[in-house]
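Taking it in order: structure first as structure tokens, then the write-up.
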Amino acid sequence: MMGEITVIKIGGSVLTDKSKERTLKLKEIERIAKEIAYAGLKDLVIVHGAGSFGHPQAKRFDLDGNGKCSYYTLITHEIVKELNRIFIEKLVQSGFPVMPIHPLSCTVSIKGRVKKMMTDQIRLMLKNEIVPVVHGDVVMDEVLGRAILSGDQIVSHIARCLNAKRVGIGTDVDGIMDNEGVIDVITPKTFCNMKKLLKGSKDIDVTGGMLSKANELIKLAEDGIPSHIFNASRKGLIMNFLSGERNFGTIIRGD
Ligand SMILES: Nc1ncnc2c1ncn2[C@@H]1O[C@H](COP(=O)(O)OP(=O)(O)OP(=O)(O)O)[C@@H](O)[C@H]1O
Ligand SMILES: [Mg+2]
């Protein structure tokens, strides 16, 4: 039986070194896999970003604009799949039952927004106590030919489809920050005033870094699903999130 679903995203900023193309943070991947396994949550969907296994390649091949060459689409897809495979391997080694899901094979977008994503297999995995591990990907797009879907957009799409109870966004900063530090709570009302503080990423990020992340999560909050941005590079915070704690990071909620 599927209970209340939690969706957690682990940023590519945490799993990889985003300043160096195709560079893993293997020790971090191992630690994160152990934390997730230790928390032992079954009704969980894991999504991960691409980090340096996708963003630099997509940028070089101009997939964020109007990339034409199918070979480059393939390369970008293959490299993020490589990261997915390694993360899956570490989760399995930690004794956690997982399966990969590749959006290219089950999703179509229109102007860079998900039009249709098959989620039946996700539901069946959860029913069978298998945790799906989905990732940001390049997908076929009805208008653009192909488009990059961020892990953040995939998180909000899956959270809506499965009516998730909790959404956690692990990244490499302590939350959404202003000049004074981490902002505890953001609502659609307060978001208008602080939008100007939000930027892209310090590294290459073809999907718009913190600004698009926040935009995605504000829309999700308006639809009644709150989310929690926190620093997954800090030991223990993934565990804390998965066990229901809230006293860290930034909470994005409806009001
Ligand atoms: N106001 C802000 N508060 C916090 N971080 C911000 C802010 N504005 C911009 N950022 C940037 O956003 C980055 C996090 O977004 P980024 O897309 O790089 O990570 P990610 O989503 O975890 O990785 P990936 O996209 O590979 O999954 C931070 O490292 C920081 O450089
Ligand atoms: Mg990002």
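Just so we're on the same page: first chain in the structure tokens is A, next is B, and so on; residues restart at 1 for each chain, and ligands are numbered from 1 in the order they show up.
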Could you pull out the residues sitting within 9 Å of ligand 1, using only C-alpha atoms and all ligand atoms, and write them as a PDB file with N, CA and C atoms, in the first residue's frame?
ATOM      1  N   LYS A   9      14.812  15.836  -3.360  1.00  0.00           N
ATOM      2  CA  LYS A   9      15.776  16.044  -4.441  1.00  0.00           C
ATOM      3  C   LYS A   9      17.163  16.234  -3.841  1.00  0.00           C
ATOM      4  N   ILE A  10      18.128  15.550  -4.408  1.00  0.00           N
ATOM      5  CA  ILE A  10      19.513  15.775  -4.033  1.00  0.00           C
ATOM      6  C   ILE A  10      20.156  16.526  -5.203  1.00  0.00           C
ATOM      7  N   GLY A  11      20.602  17.721  -4.936  1.00  0.00           N
ATOM      8  CA  GLY A  11      21.156  18.569  -5.993  1.00  0.00           C
ATOM      9  C   GLY A  11      22.413  17.974  -6.618  1.00  0.00           C
ATOM     10  N   GLY A  12      22.553  18.213  -7.903  1.00  0.00           N
ATOM     11  CA  GLY A  12      23.795  17.850  -8.576  1.00  0.00           C
ATOM     12  C   GLY A  12      24.959  18.608  -7.954  1.00  0.00           C
ATOM     13  N   SER A  13      24.651  19.716  -7.281  1.00  0.00           N
ATOM     14  CA  SER A  13      25.673  20.503  -6.585  1.00  0.00           C
ATOM     15  C   SER A  13      26.248  19.750  -5.392  1.00  0.00           C
ATOM     16  N   VAL A  14      25.517  18.746  -4.902  1.00  0.00           N
ATOM     17  CA  VAL A  14      25.956  17.977  -3.738  1.00  0.00           C
ATOM     18  C   VAL A  14      26.670  16.688  -4.179  1.00  0.00           C
ATOM     19  N   LEU A  15      26.176  16.102  -5.251  1.00  0.00           N
ATOM     20  CA  LEU A  15      26.714  14.809  -5.711  1.00  0.00           C
ATOM     21  C   LEU A  15      27.968  14.961  -6.564  1.00  0.00           C
ATOM     22  N   THR A  16      28.127  16.169  -7.156  1.00  0.00           N
ATOM     23  CA  THR A  16      29.266  16.383  -8.058  1.00  0.00           C
ATOM     24  C   THR A  16      29.939  17.709  -7.727  1.00  0.00           C
ATOM     25  N   LYS A  18      30.512  20.939  -9.225  1.00  0.00           N
ATOM     26  CA  LYS A  18      29.942  21.639 -10.382  1.00  0.00           C
ATOM     27  C   LYS A  18      30.953  22.554 -11.071  1.00  0.00           C
ATOM     28  N   HIS A  48      17.384  13.432  -8.527  1.00  0.00           N
ATOM     29  CA  HIS A  48      18.659  14.124  -8.387  1.00  0.00           C
ATOM     30  C   HIS A  48      18.938  15.014  -9.582  1.00  0.00           C
ATOM     31  N   GLY A  49      19.749  16.026  -9.338  1.00  0.00           N
ATOM     32  CA  GLY A  49      20.130  16.947 -10.401  1.00  0.00           C
ATOM     33  C   GLY A  49      21.335  16.409 -11.155  1.00  0.00           C
ATOM     34  N   ALA A  50      21.803  17.189 -12.120  1.00  0.00           N
ATOM     35  CA  ALA A  50      22.865  16.711 -13.002  1.00  0.00           C
ATOM     36  C   ALA A  50      24.254  17.186 -12.585  1.00  0.00           C
ATOM     37  N   GLY A  51      24.327  18.348 -11.943  1.00  0.00           N
ATOM     38  CA  GLY A  51      25.631  18.887 -11.574  1.00  0.00           C
ATOM     39  C   GLY A  51      26.554  18.954 -12.772  1.00  0.00           C
ATOM     40  N   SER A  52      27.823  18.544 -12.568  1.00  0.00           N
ATOM     41  CA  SER A  52      28.774  18.601 -13.682  1.00  0.00           C
ATOM     42  C   SER A  52      28.638  17.390 -14.613  1.00  0.00           C
ATOM     43  N   PHE A  53      27.609  16.563 -14.372  1.00  0.00           N
ATOM     44  CA  PHE A  53      27.258  15.470 -15.283  1.00  0.00           C
ATOM     45  C   PHE A  53      25.999  15.857 -16.069  1.00  0.00           C
ATOM     46  N   GLY A  54      26.060  16.954 -16.772  1.00  0.00           N
ATOM     47  CA  GLY A  54      24.900  17.360 -17.571  1.00  0.00           C
ATOM     48  C   GLY A  54      24.844  18.843 -17.881  1.00  0.00           C
ATOM     49  N   HIS A  55      25.020  19.684 -16.853  1.00  0.00           N
ATOM     50  CA  HIS A  55      24.928  21.136 -17.117  1.00  0.00           C
ATOM     51  C   HIS A  55      25.992  21.639 -18.097  1.00  0.00           C
ATOM     52  N   HIS A 135      15.922  11.618 -12.430  1.00  0.00           N
ATOM     53  CA  HIS A 135      16.936  12.677 -12.531  1.00  0.00           C
ATOM     54  C   HIS A 135      16.535  13.766 -13.526  1.00  0.00           C
ATOM     55  N   GLY A 136      17.160  14.911 -13.413  1.00  0.00           N
ATOM     56  CA  GLY A 136      17.025  15.942 -14.436  1.00  0.00           C
ATOM     57  C   GLY A 136      17.516  15.346 -15.745  1.00  0.00           C
ATOM     58  N   SER A 150      14.734  20.410 -15.571  1.00  0.00           N
ATOM     59  CA  SER A 150      15.510  20.419 -14.328  1.00  0.00           C
ATOM     60  C   SER A 150      14.946  19.382 -13.363  1.00  0.00           C
ATOM     61  N   GLY A 151      15.808  18.901 -12.495  1.00  0.00           N
ATOM     62  CA  GLY A 151      15.351  18.028 -11.409  1.00  0.00           C
ATOM     63  C   GLY A 151      14.285  18.744 -10.589  1.00  0.00           C
ATOM     64  N   ASP A 152      14.414  20.065 -10.457  1.00  0.00           N
ATOM     65  CA  ASP A 152      13.454  20.842  -9.659  1.00  0.00           C
ATOM     66  C   ASP A 152      12.051  20.779 -10.272  1.00  0.00           C
ATOM     67  N   ILE A 169      14.319  19.679  -0.697  1.00  0.00           N
ATOM     68  CA  ILE A 169      15.246  20.026  -1.770  1.00  0.00           C
ATOM     69  C   ILE A 169      16.629  20.212  -1.157  1.00  0.00           C
ATOM     70  N   GLY A 170      17.458  19.204  -1.301  1.00  0.00           N
ATOM     71  CA  GLY A 170      18.814  19.289  -0.769  1.00  0.00           C
ATOM     72  C   GLY A 170      19.728  19.930  -1.797  1.00  0.00           C
ATOM     73  N   THR A 171      20.443  20.972  -1.367  1.00  0.00           N
ATOM     74  CA  THR A 171      21.359  21.638  -2.282  1.00  0.00           C
ATOM     75  C   THR A 171      22.655  21.978  -1.547  1.00  0.00           C
ATOM     76  N   ASP A 172      23.506  22.851  -2.119  1.00  0.00           N
ATOM     77  CA  ASP A 172      24.826  23.095  -1.513  1.00  0.00           C
ATOM     78  C   ASP A 172      24.887  24.398  -0.720  1.00  0.00           C
ATOM     79  N   VAL A 173      23.746  24.998  -0.438  1.00  0.00           N
ATOM     80  CA  VAL A 173      23.697  26.191   0.427  1.00  0.00           C
ATOM     81  C   VAL A 173      22.658  25.943   1.519  1.00  0.00           C
ATOM     82  N   ASP A 174      22.695  26.769   2.594  1.00  0.00           N
ATOM     83  CA  ASP A 174      21.872  26.489   3.767  1.00  0.00           C
ATOM     84  C   ASP A 174      20.385  26.791   3.579  1.00  0.00           C
ATOM     85  N   GLY A 175      20.035  27.291   2.418  1.00  0.00           N
ATOM     86  CA  GLY A 175      18.638  27.638   2.150  1.00  0.00           C
ATOM     87  C   GLY A 175      18.649  28.837   1.221  1.00  0.00           C
ATOM     88  N   ILE A 176      17.498  29.505   1.098  1.00  0.00           N
ATOM     89  CA  ILE A 176      17.465  30.737   0.311  1.00  0.00           C
ATOM     90  C   ILE A 176      17.953  31.859   1.210  1.00  0.00           C
ATOM     91  N   MET A 177      18.920  32.610   0.700  1.00  0.00           N
ATOM     92  CA  MET A 177      19.562  33.607   1.562  1.00  0.00           C
ATOM     93  C   MET A 177      19.330  35.030   1.092  1.00  0.00           C
ATOM     94  N   ASP A 178      19.223  35.923   2.080  1.00  0.00           N
ATOM     95  CA  ASP A 178      19.307  37.355   1.786  1.00  0.00           C
ATOM     96  C   ASP A 178      20.584  37.859   2.438  1.00  0.00           C
ATOM     97  N   ASN A 179      20.753  39.176   2.531  1.00  0.00           N
ATOM     98  CA  ASN A 179      22.012  39.707   3.068  1.00  0.00           C
ATOM     99  C   ASN A 179      22.245  39.322   4.518  1.00  0.00           C
ATOM    100  N   GLY A 181      21.304  36.359   5.914  1.00  0.00           N
ATOM    101  CA  GLY A 181      21.442  34.916   6.128  1.00  0.00           C
ATOM    102  C   GLY A 181      20.251  34.160   5.572  1.00  0.00           C
ATOM    103  N   VAL A 182      20.029  32.972   6.151  1.00  0.00           N
ATOM    104  CA  VAL A 182      18.971  32.099   5.611  1.00  0.00           C
ATOM    105  C   VAL A 182      17.583  32.637   5.970  1.00  0.00           C
ATOM    106  N   ILE A 183      16.702  32.627   5.003  1.00  0.00           N
ATOM    107  CA  ILE A 183      15.315  33.031   5.237  1.00  0.00           C
ATOM    108  C   ILE A 183      14.536  31.796   5.671  1.00  0.00           C
ATOM    109  N   MET A 194      11.366  39.521  -2.386  1.00  0.00           N
ATOM    110  CA  MET A 194      12.751  39.045  -2.273  1.00  0.00           C
ATOM    111  C   MET A 194      13.269  38.376  -3.545  1.00  0.00           C
ATOM    112  N   LYS A 195      12.435  38.359  -4.565  1.00  0.00           N
ATOM    113  CA  LYS A 195      12.797  37.711  -5.827  1.00  0.00           C
ATOM    114  C   LYS A 195      14.125  38.246  -6.383  1.00  0.00           C
ATOM    115  N   LYS A 196      14.343  39.544  -6.189  1.00  0.00           N
ATOM    116  CA  LYS A 196      15.558  40.174  -6.734  1.00  0.00           C
ATOM    117  C   LYS A 196      16.839  39.641  -6.096  1.00  0.00           C
ATOM    118  N   LEU A 197      16.708  39.018  -4.919  1.00  0.00           N
ATOM    119  CA  LEU A 197      17.888  38.457  -4.240  1.00  0.00           C
ATOM    120  C   LEU A 197      18.288  37.110  -4.836  1.00  0.00           C
ATOM    121  N   LEU A 198      17.386  36.559  -5.630  1.00  0.00           N
ATOM    122  CA  LEU A 198      17.641  35.220  -6.158  1.00  0.00           C
ATOM    123  C   LEU A 198      18.373  35.298  -7.478  1.00  0.00           C
ATOM    124  N   LYS A 199      19.402  34.464  -7.557  1.00  0.00           N
ATOM    125  CA  LYS A 199      20.226  34.473  -8.768  1.00  0.00           C
ATOM    126  C   LYS A 199      20.240  33.055  -9.344  1.00  0.00           C
ATOM    127  N   GLY A 200      21.012  32.915 -10.401  1.00  0.00           N
ATOM    128  CA  GLY A 200      21.241  31.576 -10.950  1.00  0.00           C
ATOM    129  C   GLY A 200      22.193  30.837 -10.026  1.00  0.00           C
ATOM    130  N   SER A 201      23.172  30.184 -10.619  1.00  0.00           N
ATOM    131  CA  SER A 201      24.129  29.420  -9.834  1.00  0.00           C
ATOM    132  C   SER A 201      25.512  30.043 -10.008  1.00  0.00           C
ATOM    133  N   LYS A 202      26.389  29.812  -9.025  1.00  0.00           N
ATOM    134  CA  LYS A 202      27.766  30.311  -9.187  1.00  0.00           C
ATOM    135  C   LYS A 202      28.504  29.479 -10.250  1.00  0.00           C
ATOM    136  N   ASP A 203      28.028  28.273 -10.477  1.00  0.00           N
ATOM    137  CA  ASP A 203      28.639  27.406 -11.491  1.00  0.00           C
ATOM    138  C   ASP A 203      27.731  27.330 -12.720  1.00  0.00           C
ATOM    139  N   ILE A 204      28.141  26.504 -13.688  1.00  0.00           N
ATOM    140  CA  ILE A 204      27.305  26.390 -14.887  1.00  0.00           C
ATOM    141  C   ILE A 204      26.010  25.667 -14.517  1.00  0.00           C
ATOM    142  N   ASP A 205      24.890  26.308 -14.822  1.00  0.00           N
ATOM    143  CA  ASP A 205      23.603  25.691 -14.529  1.00  0.00           C
ATOM    144  C   ASP A 205      22.608  26.132 -15.592  1.00  0.00           C
ATOM    145  N   VAL A 206      22.288  25.213 -16.507  1.00  0.00           N
ATOM    146  CA  VAL A 206      21.434  25.594 -17.639  1.00  0.00           C
ATOM    147  C   VAL A 206      19.963  25.710 -17.251  1.00  0.00           C
ATOM    148  N   THR A 207      19.628  25.331 -16.010  1.00  0.00           N
ATOM    149  CA  THR A 207      18.218  25.419 -15.639  1.00  0.00           C
ATOM    150  C   THR A 207      17.933  26.536 -14.625  1.00  0.00           C
ATOM    151  N   GLY A 208      18.895  27.426 -14.450  1.00  0.00           N
ATOM    152  CA  GLY A 208      18.555  28.668 -13.737  1.00  0.00           C
ATOM    153  C   GLY A 208      18.782  28.715 -12.241  1.00  0.00           C
ATOM    154  N   GLY A 209      19.520  27.741 -11.679  1.00  0.00           N
ATOM    155  CA  GLY A 209      19.945  27.819 -10.278  1.00  0.00           C
ATOM    156  C   GLY A 209      18.806  28.085  -9.300  1.00  0.00           C
ATOM    157  N   MET A 210      19.087  28.922  -8.297  1.00  0.00           N
ATOM    158  CA  MET A 210      18.147  29.118  -7.187  1.00  0.00           C
ATOM    159  C   MET A 210      16.879  29.845  -7.613  1.00  0.00           C
ATOM    160  N   LEU A 211      17.009  30.748  -8.578  1.00  0.00           N
ATOM    161  CA  LEU A 211      15.828  31.511  -9.002  1.00  0.00           C
ATOM    162  C   LEU A 211      14.754  30.586  -9.582  1.00  0.00           C
ATOM    163  N   SER A 212      15.148  29.711 -10.520  1.00  0.00           N
ATOM    164  CA  SER A 212      14.103  28.827 -11.080  1.00  0.00           C
ATOM    165  C   SER A 212      13.655  27.792 -10.069  1.00  0.00           C
ATOM    166  N   LYS A 213      14.571  27.385  -9.184  1.00  0.00           N
ATOM    167  CA  LYS A 213      14.175  26.447  -8.128  1.00  0.00           C
ATOM    168  C   LYS A 213      13.028  27.064  -7.316  1.00  0.00           C
ATOM    169  N   ASN A 231      20.564  22.323   3.250  1.00  0.00           N
ATOM    170  CA  ASN A 231      21.921  22.023   2.782  1.00  0.00           C
ATOM    171  C   ASN A 231      22.225  20.523   2.935  1.00  0.00           C
ATOM    172  N   ALA A 232      22.164  19.806   1.823  1.00  0.00           N
ATOM    173  CA  ALA A 232      22.406  18.360   1.867  1.00  0.00           C
ATOM    174  C   ALA A 232      23.897  18.043   1.948  1.00  0.00           C
TER     175      ALA A 232
END
DSSP-assigned strand (DSSP E or B) among stretch 8-228 of chain A, expressed as number ranges by chain: A: 8-10, 16, 24, 44-48, 98-101, 107-110, 113-117, 131-135, 137-141, 145-149, 166-171, 177-178, 181-182, 185-186, 227-228
Shell of 9 Å around A:Pro100, only C-alpha atoms, local chain residues under 2 positions omitted, as an mmCIF file with all heavy atoms, in the first residue's frame:
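For reference, selection_33.cif as written:
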data_model
loop_
_atom_site.group_PDB
_atom_site.id
_atom_site.type_symbol
_atom_site.label_atom_id
_atom_site.label_comp_id
_atom_site.auth_asym_id
_atom_site.auth_seq_id
_atom_site.Cartn_x
_atom_site.Cartn_y
_atom_site.Cartn_z
ATOM 1 N N LYS A 81 22.813 9.900 -16.962
ATOM 2 C CA LYS A 81 22.493 8.509 -16.613
ATOM 3 C C LYS A 81 23.658 7.845 -15.880
ATOM 4 O O LYS A 81 23.466 6.994 -15.022
ATOM 5 C CB LYS A 81 22.172 7.718 -17.879
ATOM 6 C CG LYS A 81 20.703 7.483 -18.005
ATOM 7 C CD LYS A 81 20.225 6.564 -19.111
ATOM 8 C CE LYS A 81 21.198 5.960 -20.044
ATOM 9 N NZ LYS A 81 20.516 5.339 -21.199
ATOM 10 N N ASN A 84 23.368 8.853 -12.398
ATOM 11 C CA ASN A 84 22.236 8.109 -11.833
ATOM 12 C C ASN A 84 22.656 6.685 -11.471
ATOM 13 O O ASN A 84 22.343 6.180 -10.392
ATOM 14 C CB ASN A 84 21.085 8.103 -12.859
ATOM 15 C CG ASN A 84 19.863 7.359 -12.372
ATOM 16 O OD1 ASN A 84 19.626 6.214 -12.742
ATOM 17 N ND2 ASN A 84 19.069 7.989 -11.522
ATOM 18 N N ARG A 85 23.428 6.066 -12.358
ATOM 19 C CA ARG A 85 23.855 4.675 -12.124
ATOM 20 C C ARG A 85 24.753 4.580 -10.893
ATOM 21 O O ARG A 85 24.615 3.680 -10.070
ATOM 22 C CB ARG A 85 24.572 4.114 -13.359
ATOM 23 C CG ARG A 85 24.770 2.605 -13.314
ATOM 24 C CD ARG A 85 25.558 2.087 -14.488
ATOM 25 N NE ARG A 85 26.804 2.810 -14.711
ATOM 26 C CZ ARG A 85 27.889 2.750 -13.941
ATOM 27 N NH1 ARG A 85 27.875 1.970 -12.875
ATOM 28 N NH2 ARG A 85 28.959 3.447 -14.222
ATOM 29 N N ILE A 88 22.656 5.123 -7.763
ATOM 30 C CA ILE A 88 21.873 3.886 -7.562
ATOM 31 C C ILE A 88 22.764 2.799 -6.948
ATOM 32 O O ILE A 88 22.384 2.120 -5.999
ATOM 33 C CB ILE A 88 21.323 3.387 -8.926
ATOM 34 C CG1 ILE A 88 20.284 4.364 -9.464
ATOM 35 C CG2 ILE A 88 20.825 1.947 -8.830
ATOM 36 C CD1 ILE A 88 18.856 3.935 -9.354
ATOM 37 N N VAL A 98 16.154 0.315 -4.714
ATOM 38 C CA VAL A 98 15.874 1.420 -5.643
ATOM 39 C C VAL A 98 15.835 0.941 -7.099
ATOM 40 O O VAL A 98 16.332 -0.143 -7.415
ATOM 41 C CB VAL A 98 16.960 2.530 -5.530
ATOM 42 C CG1 VAL A 98 16.805 3.321 -4.260
ATOM 43 C CG2 VAL A 98 18.361 1.952 -5.639
ATOM 44 N N HIS A 102 14.353 7.198 -16.075
ATOM 45 C CA HIS A 102 14.969 8.177 -16.961
ATOM 46 C C HIS A 102 13.883 8.962 -17.685
ATOM 47 O O HIS A 102 13.171 8.403 -18.532
ATOM 48 C CB HIS A 102 15.873 7.468 -17.966
ATOM 49 C CG HIS A 102 16.858 6.528 -17.314
ATOM 50 N ND1 HIS A 102 17.779 6.948 -16.386
ATOM 51 C CD2 HIS A 102 17.022 5.186 -17.431
ATOM 52 C CE1 HIS A 102 18.484 5.909 -15.979
ATOM 53 N NE2 HIS A 102 18.046 4.828 -16.588
ATOM 54 N N VAL A 131 12.123 2.183 -4.196
ATOM 55 C CA VAL A 131 12.187 3.644 -4.265
ATOM 56 C C VAL A 131 12.739 4.071 -5.629
ATOM 57 O O VAL A 131 13.855 3.707 -5.996
ATOM 58 C CB VAL A 131 13.058 4.199 -3.116
ATOM 59 C CG1 VAL A 131 13.334 5.684 -3.300
ATOM 60 C CG2 VAL A 131 12.366 3.948 -1.773
ATOM 61 N N PRO A 132 11.936 4.830 -6.402
ATOM 62 C CA PRO A 132 12.399 5.287 -7.711
ATOM 63 C C PRO A 132 13.448 6.393 -7.577
ATOM 64 O O PRO A 132 13.335 7.241 -6.695
ATOM 65 C CB PRO A 132 11.140 5.863 -8.374
ATOM 66 C CG PRO A 132 10.013 5.622 -7.431
ATOM 67 C CD PRO A 132 10.567 5.264 -6.101
ATOM 68 N N VAL A 133 14.448 6.350 -8.425
ATOM 69 C CA VAL A 133 15.463 7.412 -8.453
ATOM 70 C C VAL A 133 15.449 8.061 -9.839
ATOM 71 O O VAL A 133 15.930 7.488 -10.821
ATOM 72 C CB VAL A 133 16.868 6.870 -8.115
ATOM 73 C CG1 VAL A 133 17.868 8.016 -8.011
ATOM 74 C CG2 VAL A 133 16.847 6.076 -6.810
ATOM 75 N N VAL A 134 14.854 9.241 -9.901
ATOM 76 C CA VAL A 134 14.638 9.974 -11.152
ATOM 77 C C VAL A 134 15.700 11.070 -11.246
ATOM 78 O O VAL A 134 16.293 11.440 -10.233
ATOM 79 C CB VAL A 134 13.227 10.626 -11.137
ATOM 80 C CG1 VAL A 134 12.770 11.004 -12.534
ATOM 81 C CG2 VAL A 134 12.199 9.719 -10.480
ATOM 82 N N HIS A 135 15.922 11.618 -12.430
ATOM 83 C CA HIS A 135 16.936 12.677 -12.531
ATOM 84 C C HIS A 135 16.535 13.766 -13.526
ATOM 85 O O HIS A 135 15.658 13.542 -14.378
ATOM 86 C CB HIS A 135 18.285 12.073 -12.954
ATOM 87 C CG HIS A 135 18.203 11.225 -14.187
ATOM 88 N ND1 HIS A 135 18.232 11.754 -15.466
ATOM 89 C CD2 HIS A 135 18.062 9.885 -14.337
ATOM 90 C CE1 HIS A 135 18.139 10.758 -16.341
ATOM 91 N NE2 HIS A 135 18.025 9.625 -15.696
#
Distance of atom CA of A:Asp120 from atom CA of A:Phe230, expressed in Å to one decimal place: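 Atom-to-atom, atom CA of A:Phe230 and atom CA of A:Asp120 are spaced 29.2 Å apart.
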Pick from A:Ala214, A:Met117, A:Ile36, A:Ile101, whichever lies nearest to ligand 2 using only C-alpha atoms and all ligand atoms: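 Of all the options, A:Ala214 lies closest to ligand 2.
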